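Worksheet: one structure, shown below.
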Amino acid sequence: MSHDNHDPLDHPEVKIASARGYFIGYAFAAAMMFISLGLVRSHAMSPAGLATTITLIALVAVLAQLYFLFKLDLSESQIWHTVAFAFTVPLFVMAVGLTLWMFHTLAARTMLPGMGM
Amino acid sequence: MLVNLQGPWDPIFGRLGLILQYQYNNPVIFFAFELSLVGGAIALFWLTCAGKWRTLWSDWLTTVDHKKIGVMYIIVGLVMLFRGFFDAVMIRTQQAMAVGASSPGFMGAAHGYLPPYHLDQVFTAHGMIMILLAVTPILVGIMNIVVPLQIGARDMAYPYLNALGLWLTVSAAALVMISLFVGDFSHAGWVGLIPLTELPYSPGVGVDYWIWSIQIGSVGTTLGAVNLIATIIKMRAPGMTWGRVPVFSWTTLATNIIALTSFPVLGVTLALLTFDRYLGTHFFTASLGGDLMMYTNLFWIWGHPEVYFVVLPAFGMISEIVPTFSQKTLFGYVTMVVASMAIAAVSWSVWLHHFFTMGAGPNVNAYFSIATMLVGIPTGVKVFNWLFTMYRGRLRFDTPMLWAIGTIFLLISGGMTGMMLAVPAINYIVHNSVFVIAHFHNMFLLVAYAAFAGVTFWFPKVFGFKLDERLGKRFFWSFTLGSIMVFIPMYILGFMGMTRRLDYISHPAWYPLILAELVGVGFYAVSVFFFLAQVVVSIRNRHDLRVGADAWGTSRSLEWGTHSPVPFYNFAVTPMVHARDEWAWRRENKLDSLKPDHYVDIHMPKNTMVPLILGMLSLVLGFALIWRIWWLAGLSFLAIIVAIVVRSFEKDTGYIIPAAEVAAMEQDYLDRAREVESAGEKVGGGAVGGGVPAASRAPWNKLKGD
Ligand code: HEM
Ligand SMILES: [Cu+2]
């Protein structure tokens, strides 16, 4: 039982990479992009509706990429990656959101009106 | 691209020409220099005479054994704790000498003996060292030693990365020590008060020393965090479900999640500051759209979680020690775990309490105030759990327990004053006063107390003998007297309006309290003596102080289920876990024999010198960047990359210990254990100083009904 012919492909995290997954992920992302482009060019909706639809499409595209390209899912070998990823969301919202809020009130209280910001 | 510098610069020597401008005739620096030269010479001499170089190299410098790495972390931390203590003594003597207009001045100072610029460097170094290079390495060291043992693993998930983290920390510490003699250190406070850290206000290299030593050290801490998280998640012994993970390992997990998520913020903040200083950007200056409050904001987004990074392992250690010396299970395991995680979560949303006074609106201040107070709830849960654990327990006051109880007292008093500070109205009054200093020292001292508790508690596990109880108690009491005498006057002075970071005290009425603080530092000095005496005496008497596997006789978690000192492979066979307090469970069921029915081959990681090399290279890199010696920086950076790449091709990183060899080594340990047991009731911990002798099994059975 020697370790020198240690094959990285033995590890589930590495093995999970698949050309098919990458291809589907890419195709899916491209499709979402073309759909958005089409929607914008044809002025199919009101500006507000368009913005909402495109945001939703972007969200779907991001989720699909996370699944197909980064393989984040609930399987045994990936669950911790997914947990770690999900965990960044509240931290991000908190750090960025609270900072924005704080600087917003700060600017309102300390900046002279009309001077920058 | 690079910003224009004042003063000399040379393509080969960078800014080293500057050191001709520093004043090296200062006796204080000279004394420190002498001290380290003589100390270093003695160490080298001893190593050579005793023929220890080989052992040093193969047993320590190139090791990947998590226990040895932990021990080295703790030693680095203790050395830096001592350095930081020396700085504290300097601050205290300066303030005691500089009260009132008629106080004399020496060596170029108008009052006292430290000119303002030098004092500013001293307290900056003191703060930065104490937090990042003393307390943090000691805690990381303890986590390193204990966690794999508690969860029944052979080593950390990534032994090589573990060693790398250590050597990065060492090179950060080395940079700070070098700054003492080559150039100077930052004078802008350990928080890097903006805009003082910007180039126009600090044209020297001091701030660069501060930046790069923190950067290098925090890369090490982040790597360590990755490693500990992976170890706890992936390396638990069979049977150790999440509900059975010991509380210290749980708090380690919470702590390292904090580290992993917050240290990158610090890295980015310092990188932006670096761009400002080196490339002339304006992230934190008001010119061209920069915002100096942004620095403070970003710094504390890291800074506040960081204080929980140090306090959570302290809570974890107390949660192991209190049950052991109360001879009972920990009260409220589940709430303890939930509380740790809750503290980690809330710690991320409170950072603005560090700058209530900067002018944010009342809603913002109220939000952060309430969030801060929320942390009090899980913390309170913890305190109550410890108290209920002690309630009707059979308390024994061995030194670790004394430190643990001291920790709880400090937590209560520090927590109370923290609650006061969390009220913006009070904060406006005491902001930047020594009241704040007293509060956070109260909290950091708690961590130091817990660290001493942890070190004395687990020392016998790692080395196979206990620390001397009598000297340990003297250490505890003199340290405690010091804490009382220094920090209670400091609280009072804060209320009286004394601001922090003063080099001259204009108010003679404060003199008596300042003198009291000086006396307190004297008690601390005495405690340092007792600590050193404790170590020396214990090593001398190590034969009499030997212990068996369960050093305290009433220990509860898995790490006590292997030999003391722990073999480098930790457990002869991977243990099967049956209960939350596994070792107590085995003791109760008379399954506490350390002799398995058969031995198996063990796979272990090989020693490597790559981490040491990477550490030294990053020291060179840091030094070159500080002095802006670009060719050297480029070269060492390249060398780092090459070393990493070369190492990644190394496939042969482990080896096998055959079962027969394991059996032979185990026999030695078993013989030693038998010898210790027959030498008296030392296993119970009672015979050697301190506590009541504990019979090896009885108390547990009786107490179960309680
Ligand atoms: C041996 C006991 C200690 C004493 C006597 C002591 C004393 C002091 C004093 C006098 C100051 C300056 C207060 C002022 O500005 O007026 C200070 C600052 C500070 N201390 Fe300590 N200290 C001790 C231990 C520690 C420990 C264990 C830590 C952290 C783990 C620590 C962290 C700090 C920090 C962060 C500052 C603020 C530095 C700054 O203003 O930038 N100290 N200490
Ligand atoms: Cu805070």
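Going through the structure tokens in order, the chains are called A, B, and so on, while each chain numbers its residues from 1 and the ligands are numbered from 1 in the order shown.
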
What residues have any atom no more than 7 Å from ligand 2 when counting only C-alpha atoms and all ligand atoms, and can you list them as JSON, numbers by chain? {"B": [303, 304, 307, 350, 351, 353, 354]}

Keeping only C-alpha atoms, write the selected residues to a file as a JSON list (two decimals), in the first residue's frame.
```
[["chain", "number", "residue", "atom", "x", "y", "z"],
["B", 303, "GLY", "CA", -11.56, 43.71, 13.82],
["B", 304, "HIS", "CA", -14.72, 42.87, 15.64],
["B", 307, "VAL", "CA", -12.11, 39.55, 18.99],
["B", 350, "VAL", "CA", -21.79, 44.64, 15.29],
["B", 351, "TRP", "CA", -18.60, 46.25, 14.05],
["B", 353, "HIS", "CA", -19.86, 50.00, 17.76],
["B", 354, "HIS", "CA", -16.17, 50.81, 17.35]]
```

Which chain B residues have any atom within 9 Å of an atom of chain A, and for each, what is the nearest pair of atoms with distance in Å to one decimal, counting only C-alpha atoms, rows sorted by chain and number, as a tab-separated table?
```
residue	atom	partner	partner_atom	distance
B:Ile233	CA	A:Trp80	CA	8.7
B:Thr261	CA	A:Thr88	CA	8.1
B:Gly289	CA	A:Gly116	CA	8.8
B:Met293	CA	A:Phe103	CA	8.8
B:Met294	CA	A:Phe103	CA	8.7
B:Asn297	CA	A:Thr99	CA	7.6
B:Leu298	CA	A:Thr99	CA	9.0
B:Ile301	CA	A:Ala95	CA	7.3
B:Ala345	CA	A:Leu91	CA	8.8
B:Trp348	CA	A:Leu91	CA	7.3
B:Ser349	CA	A:Met94	CA	6.7
B:Leu352	CA	A:Met102	CA	8.8
B:Met358	CA	A:Leu106	CA	8.3
B:Gly359	CA	A:Leu106	CA	6.1
B:Ala360	CA	A:Leu106	CA	4.7
B:Gly361	CA	A:Thr105	CA	5.5
B:Asn363	CA	A:Thr105	CA	8.8
B:Val364	CA	A:Met102	CA	6.2
B:Asn365	CA	A:Met102	CA	8.9
B:Glu650	CA	A:Asp4	CA	8.8
B:Lys651	CA	A:Asp4	CA	5.3
B:Asp652	CA	A:Asp4	CA	4.9
B:Thr653	CA	A:His3	CA	7.8
B:Gly654	CA	A:His3	CA	6.8
B:Tyr655	CA	A:Ser2	CA	7.7
B:Ile656	CA	A:Ser2	CA	8.0
```

Give the residues close to ligand 1, within 7 Å, counting only C-alpha atoms and all ligand atoms; write them as number ranges by chain. B: 85, 88-89, 91-92, 123-124, 126-128, 130-131, 134-135, 189-191, 434, 437, 441, 444-445, 448, 486, 499-502, 521, 524

Using only C-alpha atoms, which residues sit within 12 Å of B:Gly70 once same-chain residues fewer than 6 positions away are excluded, as a ChimeraX atom specification? /B:60,63-64,76-77,136-148,155-156,159,162-163,165-167,224,455,458-459,462

List the neighbours of B:Ala450 out to 12 Å using only C-alpha atoms; skip same-chain residues closer than 3 positions along the sequence, and give me the result as a count of residues only. 42

May I ask for the distance between atom CA of B:Phe465 and atom CA of B:Gln534, given in Å to one decimal place?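 Atom CA of B:Gln534 lies 12.6 Å from atom CA of B:Phe465.
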
Residues of chain A in helix (DSSP H, G or I), written as a PyMOL selection string: chain A and resi 8-10+12-15+19-42+47-68+79-110

I'd like the neighbourhood of stretch 12-22 of chain B as an MDAnalysis selection string, where a residue qualifies if any of its atoms comes within 7 Å (using only C-alpha atoms), though same-chain residues fewer than 2 positions away should be ignored. chainID B and resid 8:10 24 182:183 627:629

So that I can check the surroundings of stretch 207-210 of chain B, please list as a ChimeraX atom specification every protein, DNA and RNA residue that reaches within 9 Å of it, counting only C-alpha atoms and ignoring chain neighbours fewer than 6 positions away. /B:124-125,128,175-176,179,184-188,190,192,197-199,274,277,622-623,625-627

Among stretch 10-198 of chain B, which ones does DSSP assign to strand (DSSP E or B) (computed from the backbone)? Answer as a VMD selection string. chain B and resid 10 14 99 105 112

Compile the contact shell of A:Leu72 as a ChimeraX atom specification: residues with an atom at most 9 Å away, counting only C-alpha atoms, same-chain residues fewer than 3 positions apart removed. /A:66-69,75,78-83,85

For B:Ala572, the nearest of the candidates B:Glu677, B:Glu661, B:Glu588, B:Glu517, counting only C-alpha atoms: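 Selected residue with least distance to B:Ala572: B:Glu661.
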